[in-house]
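**Student:** Quick one, query.txt (compact mmCIF, C-alpha atoms):
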# COMPACT_ATOMS: atom_id res chain seq x y z
CA MET A 284 -12.12 20.58 -4.57
CA ASP A 285 -12.91 17.92 -1.99
CA PRO A 286 -9.98 16.56 0.06
CA VAL A 287 -10.08 13.09 -1.49
CA SER A 288 -9.78 14.48 -5.03
CA ARG A 289 -7.02 16.84 -3.93
CA ARG A 290 -5.12 13.93 -2.43
CA LEU A 291 -5.66 11.77 -5.52
CA LEU A 292 -4.39 14.49 -7.86
CA LYS A 293 -1.26 14.81 -5.73
CA GLU A 294 -0.79 11.06 -5.96
CA LEU A 295 -1.19 11.18 -9.72
CA ASN A 296 1.44 13.92 -10.04
CA ASP A 297 3.76 12.07 -7.73
CA TYR A 298 3.44 8.85 -9.72
CA GLN A 299 3.95 10.57 -13.07
CA ARG A 300 7.00 12.43 -11.81
CA GLU A 301 8.65 9.23 -10.59
CA ALA A 302 7.20 6.69 -13.02
CA LYS A 303 10.65 5.72 -14.28
CA THR A 304 11.75 4.53 -10.86
CA HIS A 305 9.07 1.84 -10.84
CA PRO A 306 9.42 -0.28 -13.97
CA GLU A 307 6.99 -2.85 -12.55
CA ILE A 308 4.13 -0.34 -12.78
CA ILE A 309 3.38 0.26 -16.44
CA GLU A 310 0.42 2.50 -15.82
CA LEU A 311 -1.40 4.07 -12.88
CA CYS A 312 -4.08 6.67 -13.55
CA PRO A 313 -7.77 7.50 -13.22
CA ALA A 314 -9.82 5.30 -15.54
CA ASP A 315 -11.87 8.27 -16.62
CA ASP A 316 -11.00 11.99 -16.58
CA GLU A 317 -14.36 12.87 -15.07
CA ASP A 318 -14.22 10.51 -12.11
CA LEU A 319 -11.22 10.37 -9.81
CA THR A 320 -12.64 7.53 -7.72
CA GLN A 321 -12.01 4.83 -10.33
CA TRP A 322 -8.42 4.16 -11.28
CA ARG A 323 -6.70 1.51 -13.34
CA ALA A 324 -3.20 0.15 -13.18
CA THR A 325 -1.10 -2.20 -15.24
CA ILE A 326 1.68 -4.18 -13.64
CA ALA A 327 4.38 -6.22 -15.35
CA GLY A 328 5.74 -9.58 -14.25
CA LEU A 329 9.34 -9.25 -13.14
CA ASN A 330 12.20 -10.84 -15.04
CA ASN A 331 13.49 -14.14 -13.70
CA THR A 332 10.08 -15.00 -12.27
CA PRO A 333 7.46 -17.24 -13.90
CA PHE A 334 5.39 -14.09 -14.37
CA GLN A 335 8.02 -12.61 -16.72
CA GLY A 336 6.52 -11.12 -19.87
CA GLY A 337 2.98 -10.87 -18.50
CA LEU A 338 0.98 -7.70 -18.14
CA TRP A 339 -1.97 -7.51 -15.76
CA ASN A 340 -4.60 -4.83 -15.54
CA LEU A 341 -5.97 -3.91 -12.14
CA GLU A 342 -9.19 -2.14 -11.27
CA ILE A 343 -8.96 0.30 -8.36
CA LYS A 344 -12.02 1.68 -6.60
CA ILE A 345 -11.40 4.49 -4.16
CA PRO A 346 -13.77 4.81 -1.20
CA HIS A 347 -15.20 8.22 -0.28
CA ASN A 348 -13.13 8.30 2.92
CA TYR A 349 -9.81 7.30 1.33
CA PRO A 350 -7.14 7.10 2.69
CA MET A 351 -8.80 6.27 6.02
CA GLN A 352 -10.21 3.21 4.25
CA PRO A 353 -8.20 1.18 1.72
CA PRO A 354 -8.88 1.19 -2.01
CA VAL A 355 -10.65 -1.89 -3.36
CA ILE A 356 -8.33 -3.47 -5.91
CA LYS A 357 -8.81 -6.52 -8.09
CA PHE A 358 -7.20 -8.13 -11.08
CA VAL A 359 -9.07 -7.56 -14.34
CA THR A 360 -6.65 -9.69 -16.35
CA PRO A 361 -6.92 -13.25 -14.99
CA ILE A 362 -3.85 -14.42 -13.13
CA CYS A 363 -2.82 -17.75 -11.68
CA HIS A 364 -1.55 -16.95 -8.20
CA PRO A 365 -2.20 -18.55 -4.79
CA ASN A 366 -3.59 -15.31 -3.33
CA VAL A 367 -5.74 -14.14 -6.23
CA HIS A 368 -9.15 -15.56 -7.08
CA PHE A 369 -8.87 -16.94 -10.59
CA LYS A 370 -12.40 -15.96 -11.61
CA THR A 371 -13.17 -12.77 -9.68
CA GLY A 372 -9.66 -11.30 -9.48
CA GLU A 373 -10.09 -10.71 -5.74
CA ILE A 374 -6.74 -10.28 -3.98
CA CYS A 375 -5.95 -11.69 -0.56
CA LEU A 376 -3.42 -9.26 0.85
CA ASP A 377 -3.69 -8.13 4.47
CA LEU A 378 -2.66 -4.63 3.45
CA LEU A 379 -5.89 -4.25 1.48
CA LYS A 380 -7.95 -5.36 4.43
CA THR A 381 -7.05 -5.50 8.10
CA ALA A 382 -3.49 -4.16 7.84
CA TRP A 383 -4.29 -1.04 5.82
CA SER A 384 -2.63 2.14 7.04
CA PRO A 385 -3.62 5.59 5.78
CA ALA A 386 0.11 6.22 5.33
CA TRP A 387 -0.02 4.09 2.15
CA THR A 388 -0.60 5.57 -1.27
CA LEU A 389 -2.06 4.00 -4.42
CA LYS A 390 1.46 3.70 -5.79
CA SER A 391 2.85 1.93 -2.75
CA THR A 392 -0.23 -0.31 -2.67
CA VAL A 393 0.16 -1.33 -6.31
CA LEU A 394 3.87 -1.94 -5.67
CA ALA A 395 2.90 -4.21 -2.80
CA ILE A 396 0.59 -6.17 -5.11
CA SER A 397 3.40 -6.46 -7.63
CA LEU A 398 5.63 -7.75 -4.83
CA LEU A 399 2.97 -10.30 -3.86
CA LEU A 400 3.38 -11.98 -7.28
CA SER A 401 6.80 -13.38 -6.43
CA ASN A 402 6.10 -13.61 -2.68
CA PRO A 403 2.97 -15.74 -2.46
CA GLU A 404 1.41 -16.62 0.87
CA PRO A 405 0.16 -20.21 0.33
CA SER A 406 -1.30 -20.40 3.84
CA SER A 407 -4.14 -18.02 2.94
CA PRO A 408 -5.05 -19.08 -0.59
CA LEU A 409 -7.77 -17.90 -2.92
CA ASN A 410 -6.46 -20.29 -5.57
CA CYS A 411 -6.07 -23.64 -3.81
CA ASP A 412 -4.62 -25.48 -6.81
CA ALA A 413 -1.72 -23.06 -7.08
CA ALA A 414 -1.28 -22.95 -3.31
CA ASN A 415 -1.30 -26.76 -2.98
CA LEU A 416 1.54 -27.13 -5.47
CA LEU A 417 3.61 -24.71 -3.39
CA ARG A 418 2.61 -26.31 -0.12
CA CYS A 419 3.74 -29.74 -1.24
CA GLY A 420 6.98 -28.26 -2.51
CA ASP A 421 6.42 -28.87 -6.23
CA ILE A 422 8.18 -25.70 -7.40
CA VAL A 423 8.69 -27.00 -10.93
CA GLY A 424 4.99 -27.79 -11.29
CA TYR A 425 3.99 -24.47 -9.72
CA GLU A 426 6.24 -22.39 -11.93
CA SER A 427 5.27 -24.14 -15.15
CA MET A 428 1.59 -23.70 -14.36
CA ILE A 429 2.15 -19.98 -13.72
CA ARG A 430 4.16 -19.66 -16.93
CA MET A 431 1.41 -21.38 -18.89
CA TYR A 432 -1.34 -19.10 -17.58
CA THR A 433 0.86 -16.04 -18.01
CA GLN A 434 1.38 -16.95 -21.67
CA LEU A 435 -2.24 -17.86 -22.23
CA LEU A 436 -3.89 -14.94 -20.48
CA ALA A 437 -1.47 -12.07 -19.92
CA MET A 438 0.60 -11.87 -23.08
CA ASN A 439 -1.98 -10.97 -25.68
CA ASP A 440 -0.66 -8.27 -27.94
CA ASP A 441 -4.18 -7.25 -28.85
CA ASP A 442 -5.61 -6.08 -25.56
CA SER A 443 -8.48 -8.45 -24.97
CA ASN A 444 -9.19 -7.15 -21.47
CA PRO A 445 -12.60 -5.65 -20.89
CA ASN A 446 -11.18 -2.35 -19.66
CA MET B 98 -30.50 -32.42 4.77
CA SER B 99 -28.66 -30.29 7.28
CA SER B 100 -25.40 -30.53 5.38
CA SER B 101 -27.03 -29.35 2.17
CA THR B 102 -28.43 -26.28 3.96
CA ALA B 103 -24.96 -25.53 5.25
CA ASN B 104 -23.65 -25.63 1.73
CA GLU B 105 -26.21 -23.13 0.59
CA GLU B 106 -25.08 -20.50 3.05
CA PRO B 107 -23.94 -17.45 1.12
CA GLN B 108 -20.20 -17.17 0.85
CA LEU B 109 -19.21 -13.66 1.88
CA THR B 110 -15.95 -12.24 0.68
CA ASP B 111 -13.64 -10.57 3.20
CA GLU B 112 -14.57 -7.19 1.74
CA GLN B 113 -18.26 -7.85 2.31
CA ILE B 114 -17.64 -8.91 5.89
CA LEU B 115 -15.49 -5.85 6.58
CA ALA B 116 -18.02 -3.55 4.92
CA PHE B 117 -20.78 -5.10 7.03
CA GLU B 118 -18.83 -4.64 10.24
CA GLN B 119 -18.06 -1.06 9.27
CA LYS B 120 -21.74 -0.39 8.60
CA ILE B 121 -22.73 -1.60 12.07
CA LYS B 122 -20.01 0.52 13.67
CA ASP B 123 -20.99 3.58 11.64
CA GLU B 124 -24.67 3.27 12.51
CA GLU B 125 -23.85 2.96 16.18
CA ALA B 126 -21.34 5.81 16.09
CA GLU B 127 -23.56 8.29 14.32
CA LYS B 128 -25.92 8.40 17.25
CA ILE B 129 -23.77 11.06 18.93
CA PRO B 130 -21.64 13.92 17.54
CA LEU B 131 -17.87 13.43 17.22
CA VAL B 132 -17.41 15.76 20.18
CA CYS B 133 -20.37 16.84 22.33
CA GLN B 134 -21.39 19.92 24.26
CA LYS B 135 -20.30 20.16 27.87
CA GLU B 136 -22.46 18.38 30.40
CA PRO B 137 -22.34 18.59 34.19
CA ILE B 138 -20.72 15.64 35.93
CA SER B 139 -24.08 15.03 37.59
CA ALA B 140 -25.26 13.68 34.21
CA LEU B 141 -22.81 10.80 34.68
CA GLU B 142 -24.11 10.19 38.19
CA GLU B 143 -27.62 10.07 36.81
CA GLU B 144 -26.62 7.67 34.08
CA PHE B 145 -24.92 5.26 36.47
CA LYS B 146 -27.33 5.57 39.39
CA GLU B 147 -28.37 1.89 39.11
CA ASN B 148 -24.79 0.75 39.02
CA LYS B 149 -23.04 1.12 42.36
CA PRO B 150 -19.41 0.41 41.39
CA PHE B 151 -19.68 3.06 38.70
CA LEU B 152 -21.55 5.54 40.80
CA ASP B 153 -18.94 5.41 43.55
CA LYS B 154 -16.26 6.08 41.03
CA VAL B 155 -18.11 8.92 39.39
CA LYS B 156 -18.25 10.59 42.79
CA VAL B 157 -14.54 10.06 43.35
CA TYR B 158 -13.92 11.27 39.83
CA VAL B 159 -15.66 14.53 40.63
CA ILE B 160 -13.37 15.01 43.59
CA HIS B 161 -10.38 14.13 41.50
CA ILE B 162 -11.29 16.66 38.83
CA ALA B 163 -11.84 19.28 41.50
CA LYS B 164 -8.32 18.61 42.77
CA ALA B 165 -6.83 18.62 39.32
CA ILE B 166 -8.26 21.93 38.33
CA ARG B 167 -7.42 23.72 41.54
CA GLY B 168 -5.50 26.81 40.55
CA ARG B 169 -6.72 26.50 36.99
CA LEU B 170 -9.41 28.51 35.29
CA ALA B 171 -12.64 27.54 36.92
CA ASN B 172 -14.92 27.60 33.90
CA SER B 173 -14.29 23.95 33.08
CA ASN B 174 -15.30 23.06 36.60
CA ASN B 175 -17.15 19.79 37.08
CA GLN B 176 -18.12 19.42 33.48
CA PHE B 177 -17.25 16.87 30.89
CA ARG B 178 -17.82 16.21 27.24
CA LYS B 179 -18.61 13.00 25.48
CA CYS B 180 -16.74 11.97 22.43
CA ARG B 181 -18.06 9.54 19.81
CA GLY B 182 -16.95 5.97 20.54
CA ASP B 183 -15.73 5.21 17.05
CA GLY B 184 -12.30 3.87 18.01
CA ASN B 185 -10.72 7.29 17.53
CA CYS B 186 -11.96 8.68 20.82
CA PHE B 187 -8.56 8.90 22.51
CA PHE B 188 -6.97 10.85 19.67
CA ARG B 189 -10.01 13.06 19.21
CA ALA B 190 -10.58 13.74 22.91
CA PHE B 191 -6.87 14.42 23.41
CA SER B 192 -6.75 16.89 20.53
CA PHE B 193 -9.90 18.68 21.59
CA ALA B 194 -8.86 18.90 25.24
CA TRP B 195 -5.41 20.09 24.22
CA PHE B 196 -6.65 22.77 21.83
CA GLU B 197 -9.27 23.91 24.31
CA SER B 198 -6.69 24.21 27.08
CA LEU B 199 -4.64 26.58 24.90
CA MET B 200 -7.44 29.05 24.29
CA GLN B 201 -6.75 31.20 27.27
CA ASN B 202 -3.07 30.61 27.62
CA PRO B 203 -1.01 32.58 25.06
CA GLN B 204 2.29 31.18 26.28
CA LEU B 205 1.26 27.52 26.02
CA PHE B 206 -0.45 28.36 22.74
CA SER B 207 2.70 29.62 21.05
CA GLN B 208 4.69 26.63 22.39
CA ALA B 209 2.02 24.33 20.98
CA VAL B 210 2.17 25.97 17.54
CA GLU B 211 5.95 25.53 17.47
CA LYS B 212 5.56 21.90 18.54
CA MET B 213 2.98 21.31 15.84
CA LYS B 214 5.20 22.87 13.17
CA SER B 215 8.03 20.58 14.20
CA SER B 216 5.79 17.54 13.84
CA SER B 217 6.21 17.45 10.05
CA GLU B 218 9.93 16.97 10.63
CA LEU B 219 9.12 14.17 13.09
CA LEU B 220 6.94 12.43 10.49
CA LEU B 221 9.64 12.65 7.82
CA ASN B 222 12.15 11.21 10.28
CA GLY B 223 9.64 8.47 11.07
CA GLY B 224 9.67 7.44 7.42
CA PHE B 225 6.36 8.97 6.35
CA GLN B 226 5.94 10.27 2.83
CA GLN B 227 5.18 13.97 2.68
CA LEU B 228 2.41 13.22 0.22
CA ALA B 229 0.70 10.89 2.68
CA PHE B 230 0.64 13.25 5.65
CA GLU B 231 0.71 16.84 4.43
CA ASP B 232 -3.05 17.28 3.99
CA PHE B 233 -3.74 16.12 7.55
CA TYR B 234 -0.87 18.19 8.87
CA ASP B 235 -2.05 21.35 7.09
CA VAL B 236 -5.58 21.02 8.46
CA THR B 237 -4.33 20.37 12.00
CA LEU B 238 -1.89 23.28 12.01
CA GLU B 239 -4.49 25.62 10.56
CA GLN B 240 -7.03 24.62 13.21
CA LEU B 241 -4.49 25.07 15.97
CA GLN B 242 -3.30 28.47 14.72
CA GLN B 243 -6.77 29.89 14.53
CA ILE B 244 -7.93 28.97 18.03
CA HIS B 245 -6.58 32.06 19.77
CA THR B 246 -8.63 34.32 17.54
CA SER B 247 -11.78 32.24 17.38
CA ASP B 248 -14.43 31.46 19.96
CA PRO B 249 -14.88 28.13 21.78
CA ASP B 250 -18.06 27.35 19.85
CA LEU B 251 -16.17 27.41 16.58
CA LEU B 252 -13.61 24.98 17.99
CA LEU B 253 -16.44 22.61 18.87
CA VAL B 254 -18.11 23.03 15.47
CA ASN B 255 -14.82 22.28 13.72
CA PHE B 256 -14.27 19.18 15.83
CA GLN B 257 -17.77 18.05 14.92
CA THR B 258 -17.03 18.45 11.21
CA GLU B 259 -15.86 15.07 9.98
CA GLU B 260 -13.41 16.29 7.39
CA ILE B 261 -11.57 18.56 9.85
CA SER B 262 -11.93 16.39 12.92
CA ASN B 263 -10.78 13.20 11.19
CA SER B 264 -7.80 14.98 9.64
CA ILE B 265 -6.69 16.00 13.12
CA VAL B 266 -7.16 12.43 14.35
CA MET B 267 -5.07 11.15 11.45
CA HIS B 268 -2.29 13.64 12.07
CA MET B 269 -2.17 12.70 15.76
CA ARG B 270 -2.09 9.00 14.83
CA PHE B 271 0.85 9.63 12.48
CA VAL B 272 2.65 11.65 15.16
CA ALA B 273 2.28 8.82 17.71
CA SER B 274 3.36 6.29 15.10
CA ALA B 275 6.42 8.30 14.02
CA TYR B 276 7.45 8.68 17.66
CA LEU B 277 7.26 4.90 18.22
CA LYS B 278 9.19 4.18 15.00
CA ILE B 279 11.94 6.62 15.90
CA HIS B 280 12.18 5.22 19.43
CA SER B 281 11.61 1.62 18.38
CA ALA B 282 14.50 0.26 20.47
CA GLU B 283 12.72 1.47 23.59
CA TYR B 284 9.24 0.21 22.70
CA GLU B 285 9.77 -2.93 20.64
CA PRO B 286 10.27 -5.09 23.77
CA PHE B 287 6.65 -4.33 24.74
CA LEU B 288 5.52 -6.01 21.54
CA MET B 289 7.39 -9.27 22.06
CA VAL B 290 4.32 -11.00 23.45
CA GLU B 291 2.31 -10.21 20.36
CA SER B 292 5.35 -11.06 18.22
CA ILE B 293 4.86 -8.26 15.75
CA SER B 294 7.38 -5.66 14.70
CA ILE B 295 7.05 -2.01 15.60
CA ASP B 296 6.27 -1.20 11.95
CA GLN B 297 3.43 -3.71 11.88
CA PHE B 298 2.15 -2.45 15.20
CA CYS B 299 2.26 1.15 13.98
CA ALA B 300 0.43 0.36 10.75
CA GLN B 301 -2.27 -1.82 12.28
CA GLU B 302 -2.78 -0.34 15.73
CA VAL B 303 -1.66 3.28 15.60
CA GLU B 304 -2.13 4.59 12.07
CA ALA B 305 -5.24 2.55 11.29
CA PHE B 306 -8.23 4.87 11.44
CA GLY B 307 -10.80 3.72 13.99
CA ARG B 308 -8.46 1.44 15.91
CA GLU B 309 -8.75 1.73 19.70
CA SER B 310 -5.78 3.09 21.60
CA ASP B 311 -3.91 1.52 24.45
CA HIS B 312 -0.94 2.47 26.63
CA LEU B 313 1.66 2.61 23.87
CA GLN B 314 -0.32 5.00 21.69
CA ILE B 315 -0.96 7.27 24.65
CA ILE B 316 2.67 7.23 25.81
CA ALA B 317 3.86 7.97 22.29
CA LEU B 318 1.53 10.89 21.71
CA THR B 319 2.07 12.52 25.08
CA LYS B 320 5.84 12.25 24.69
CA ALA B 321 5.92 13.36 21.06
CA LEU B 322 3.93 16.51 21.83
CA ASP B 323 5.14 16.90 25.41
CA ILE B 324 1.64 17.06 26.87
CA PRO B 325 0.86 15.37 30.21
CA VAL B 326 -2.44 13.47 30.39
CA ASN B 327 -4.43 11.76 33.11
CA ILE B 328 -6.75 9.00 32.01
CA ILE B 329 -9.45 8.38 34.58
CA TYR B 330 -10.69 4.87 34.06
CA LEU B 331 -14.29 4.20 35.05
CA ASP B 332 -14.88 0.47 35.16
CA GLY B 333 -17.02 -2.10 36.92
CA SER B 334 -14.35 -3.30 39.33
CA SER B 335 -15.12 -3.33 43.04
CA ASP B 336 -12.46 -0.73 43.84
CA GLU B 337 -13.93 2.37 45.30
CA GLN B 338 -11.87 4.75 43.26
CA ALA B 339 -11.53 4.99 39.56
CA ALA B 340 -7.98 4.18 38.52
CA VAL B 341 -6.11 7.22 37.30
CA HIS B 342 -3.38 6.50 34.77
CA GLU B 343 -0.91 9.33 34.63
CA PHE B 344 1.15 9.97 31.53
CA TRP B 345 4.02 12.38 32.12
CA PRO B 346 6.22 13.03 29.10
CA ASP B 347 8.97 14.06 31.48
CA GLU B 348 8.89 12.57 34.98
CA ALA B 349 11.09 15.34 36.33
CA ALA B 350 8.60 18.01 35.35
CA LYS B 351 5.81 16.17 37.14
CA GLY B 352 3.65 18.46 39.20
CA ASN B 353 4.72 21.67 37.48
CA ARG B 354 2.08 21.39 34.81
CA THR B 355 -1.61 20.64 34.64
CA PRO B 356 -2.34 17.45 32.74
CA LEU B 357 -5.30 17.11 30.38
CA GLN B 358 -8.05 15.10 32.05
CA LEU B 359 -9.59 12.36 29.94
CA LEU B 360 -12.33 10.15 31.28
CA TYR B 361 -12.50 6.66 29.87
CA ARG B 362 -15.81 4.93 30.34
CA PRO B 363 -17.46 1.92 28.80
CA GLY B 364 -20.55 2.23 26.68
CA LYS B 365 -21.55 5.04 24.43
What is this file in structure tokens?
**Tutor:**
Amino acid sequence: MDPVSRRLLKELNDYQREAKTHPEIIELCPADDEDLTQWRATIAGLNNTPFQGGLWNLEIKIPHNYPMQPPVIKFVTPICHPNVHFKTGEICLDLLKTAWSPAWTLKSTVLAISLLLSNPEPSSPLNCDAANLLRCGDIVGYESMIRMYTQLLAMNDDDSNPN
Amino acid sequence: MSSSTANEEPQLTDEQILAFEQKIKDEEAEKIPLVCQKEPISALEEEFKENKPFLDKVKVYVIHIAKAIRGRLANSNNQFRKCRGDGNCFFRAFSFAWFESLMQNPQLFSQAVEKMKSSSELLLNGGFQQLAFEDFYDVTLEQLQQIHTSDPDLLLVNFQTEEISNSIVMHMRFVASAYLKIHSAEYEPFLMVESISIDQFCAQEVEAFGRESDHLQIIALTKALDIPVNIIYLDGSSDEQAAVHEFWPDEAAKGNRTPLQLLYRPGK
């Protein structure tokens, strides 16, 4: 087995063993049993945040030289968030780009994305409308917009997401 | 007219820009092996013959090396190796030079194996997850343990094999990082200017694969593994001699041991 697959299998075991300790990650696994380089994850919005009740699917692509290079992760379920592109799902998080360290795992990376939801960085926005509300201090407006999009797009009981 | 052309410029995502940069670096890097065969120092003189400041220093460097290896096995005399300039060259050159120096020294070899075994403890103390470092650690320890039974050519072949060589680089990066994290009180003041925390520095500048090393990384690695190193810095300055930066893990033991000699030079 090649080293990347060996590493990924270890990560899978580690996640499954400790899944209960991370309620914000609903799922984290290879998208397809045959191919370990494509994973999917589902994260849940935390209680007492405007994301509460929402579930978002993520697509995770693992490069051939992981973990030297970071995984490429994007939102599949649309999300309204200052640092996520509303249409493409691209995530602006330094960890996924310039600040990646090979000491991270897929689990810790997905946890960091989950943490980004309630800790937005409006100074480097991919969604300017959401970021502008935060920047001008309109927390009520910001939170109600997030709640609206969470209800509209991330609370479907029938899973309407492409993956 | 001009403004409309500007608007039509393709918008690259950060990933595309990073991937593009990486591609350029990779293409450049792949022109030479990760670690090369030995060459005589005269090859450096030849390369820099049009460049007087460098040439003078190459000559002084030869003298310096001759001094440094006095009393040591003579077979490394006046030779050097190139290492691929992919940002990992310090960690790779250090590891290779260290492993190579142990080949004919059973006492240093067994000390080195003990040191390497203790490095997993160091990483755990530095806050690393076992899962994240054990593959690199296993490869590095295995490579180290087998050097006393294998021949020098195999060492070179293994260091030229990306999977093995890069695992060793990663383990050394984690070791340097763990050392800095554990001794953060001592080293954090050096980062004040850049106003980043030691954890940020470790993630972005030490652990990050392909990131160039500077003083802190070198200090951390030499102290963590207790290996003295001289970095001979060839540059274009008008000084006659190349600057030699000495890294002694323990100042008191200075002079009792032979440091590894690493030559830093610009270009390929």
**Student:** Find the residues of chain A in contact range of chain B, meaning any atom within 6 Å when counting only C-alpha atoms, and list them as a PDB file with C-alpha atoms, in the coordinates of the input.
**Tutor:**
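The resulting file, out.pdb, is shown below:
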ATOM      1  CA  MET A 351      -8.800   6.270   6.020  1.00  0.00           C
ATOM      2  CA  ALA A 382      -3.490  -4.160   7.840  1.00  0.00           C
ATOM      3  CA  SER A 384      -2.630   2.140   7.040  1.00  0.00           C
ATOM      4  CA  ALA A 386       0.110   6.220   5.330  1.00  0.00           C
TER       5      ALA A 386
END
**Student:** Just want the 12 Å neighbourhood of Glu283 in chain B, counted on all atoms listed in the file, with same-chain residues fewer than 6 positions away dropped. Output as a PyMOL selection string.
**Tutor:** chain B and resi 276-277+295+313+316-317
**Student:** What is the distance between CA of Ala302 in chain A and CA of Thr388 in chain A, in Å to one decimal?
**Tutor:** 14.1 Å
**Student:** Need to verify the contact set: range 119-124 of chain B, 10 Å, only C-alpha atoms, exclusion of same-chain residues closer than 5 positions in sequence. Can you return it as a list in words?
**Tutor:**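 My list of contacting residues is Gln113, Ile114, Gly182, Asp183, Gly184 and Gly307 of chain B.
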**Student:** Measure the distance from CA of Pro346 in chain B to CA of Pro325 in chain B in Å and round it to one decimal.
**Tutor:**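 If I compute the distance from CA of Pro346 in chain B to CA of Pro325 in chain B, I get 6.0 Å.
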**Student:** Please determine the residues with any atom at most 9 Å from (1.5, 24.3, 23.2) (coordinates as given in the file, with all atoms listed in the file counting) and report them as a ChimeraX atom specification.
**Tutor:** /B:195-196,199,202-213,322-324
**Student:** In Å, how far is it from CA of Ser310 in chain B to CA of Asp296 in chain B?
**Tutor:**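 A separation of 16.0 Å between them.
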**Student:** Please check which residues have atoms at most 12 Å from (9.1, -12.7, -13.8) in the file's coordinates, counting only C-alpha atoms, and write them as a list in words.
**Tutor:**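 The residues near that point, listed by chain and number, are Glu307, Ile326, Ala327, Gly328, Leu329, Asn330, Asn331, Thr332, Pro333, Phe334, Gln335, Gly336, Gly337, Leu338, Ser397, Leu398, Leu399, Leu400, Ser401, Asn402, Glu426, Ile429, Arg430, Thr433 and Gln434 of chain A.
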**Student:** Rank nothing, just name the residue among B:Gln242, B:Gln176, B:Ser294, B:Asn255 nearest to Leu360 in chain B, using only C-alpha atoms.
**Tutor:** B:Gln176
**Student:** So, counting all atoms listed in the file, which residue among A:Glu294, A:Cys419, A:Trp339, A:Pro385 is closest to Gly372 in chain A?
**Tutor:**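 Selected residue with least distance to Gly372 in chain A: A:Trp339.
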**Student:** Would you compute the box with edges along x, y and z of the file around range 339-358 of chain A, including every atom the file lists for it and 6 Å extra on each side, and give its centre and edge lengths in Å to one decimal, as lines of an AutoDock Vina configuration file?
**Tutor:**
center_x = -8.6
center_y = 0.1
center_z = -4.9
size_x = 25.2
size_y = 28.4
size_z = 33.8
**Student:** Arg362 in chain B: which residues within 8 Å, counting all atoms listed in the file, same-chain residues fewer than 2 positions away excluded, as a compact mmCIF listing (two decimals) with C-alpha atoms, in the coordinates of the input?
**Tutor:**
# COMPACT_ATOMS: atom_id res chain seq x y z
CA TYR B 330 -10.69 4.87 34.06
CA LEU B 331 -14.29 4.20 35.05
CA ASP B 332 -14.88 0.47 35.16
CA LEU B 360 -12.33 10.15 31.28
CA GLY B 364 -20.55 2.23 26.68
**Student:** Using only C-alpha atoms, which residues sit within 9 Å of Asn366 in chain A once same-chain residues fewer than 3 positions away are excluded, as a list in words?
**Tutor:**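 My list of contacting residues is Cys363, Glu373, Ile374, Cys375, Leu376, Leu399, Leu400, Pro403, Glu404, Pro405, Ser407, Pro408, Leu409, Asn410, Cys411, Ala413 and Ala414 of chain A.
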**Student:** Can you list, as a PDB file with C-alpha atoms, in the frame of the given file, every protein, DNA or RNA residue that comes within 8 Å of Leu152 in chain B when you count only C-alpha atoms, leaving out same-chain residues fewer than 6 positions away?
**Tutor:**
ATOM      1  CA  GLU B 142     -24.110  10.190  38.190  1.00  0.00           C
ATOM      2  CA  PHE B 145     -24.920   5.260  36.470  1.00  0.00           C
ATOM      3  CA  LYS B 146     -27.330   5.570  39.390  1.00  0.00           C
TER       4      LYS B 146
END
**Student:** What does range 193-202 of chain B look like written to a file with N, CA and C atoms, as a compact mmCIF listing (two decimals), in the first residue's frame?
**Tutor:**
# COMPACT_ATOMS: atom_id res chain seq x y z
N PHE B 193 21.34 14.03 5.52
CA PHE B 193 22.28 13.20 4.76
C PHE B 193 23.67 13.27 5.38
N ALA B 194 24.13 14.49 5.65
CA ALA B 194 25.48 14.65 6.20
C ALA B 194 25.60 13.95 7.55
N TRP B 195 24.53 14.03 8.33
CA TRP B 195 24.54 13.38 9.65
C TRP B 195 24.62 11.86 9.49
N PHE B 196 23.73 11.31 8.70
CA PHE B 196 23.71 9.86 8.51
C PHE B 196 25.05 9.38 7.95
N GLU B 197 25.56 10.13 6.97
CA GLU B 197 26.80 9.72 6.34
C GLU B 197 27.95 9.73 7.35
N SER B 198 27.92 10.71 8.26
CA SER B 198 29.02 10.83 9.22
C SER B 198 29.00 9.68 10.24
N LEU B 199 27.87 8.97 10.32
CA LEU B 199 27.75 7.90 11.31
C LEU B 199 28.21 6.56 10.76
N MET B 200 28.43 6.52 9.44
CA MET B 200 28.66 5.22 8.80
C MET B 200 29.90 4.51 9.34
N GLN B 201 30.93 5.30 9.63
CA GLN B 201 32.14 4.63 10.08
C GLN B 201 32.43 4.91 11.54
N ASN B 202 31.42 5.25 12.27
CA ASN B 202 31.64 5.57 13.67
C ASN B 202 30.59 4.89 14.54
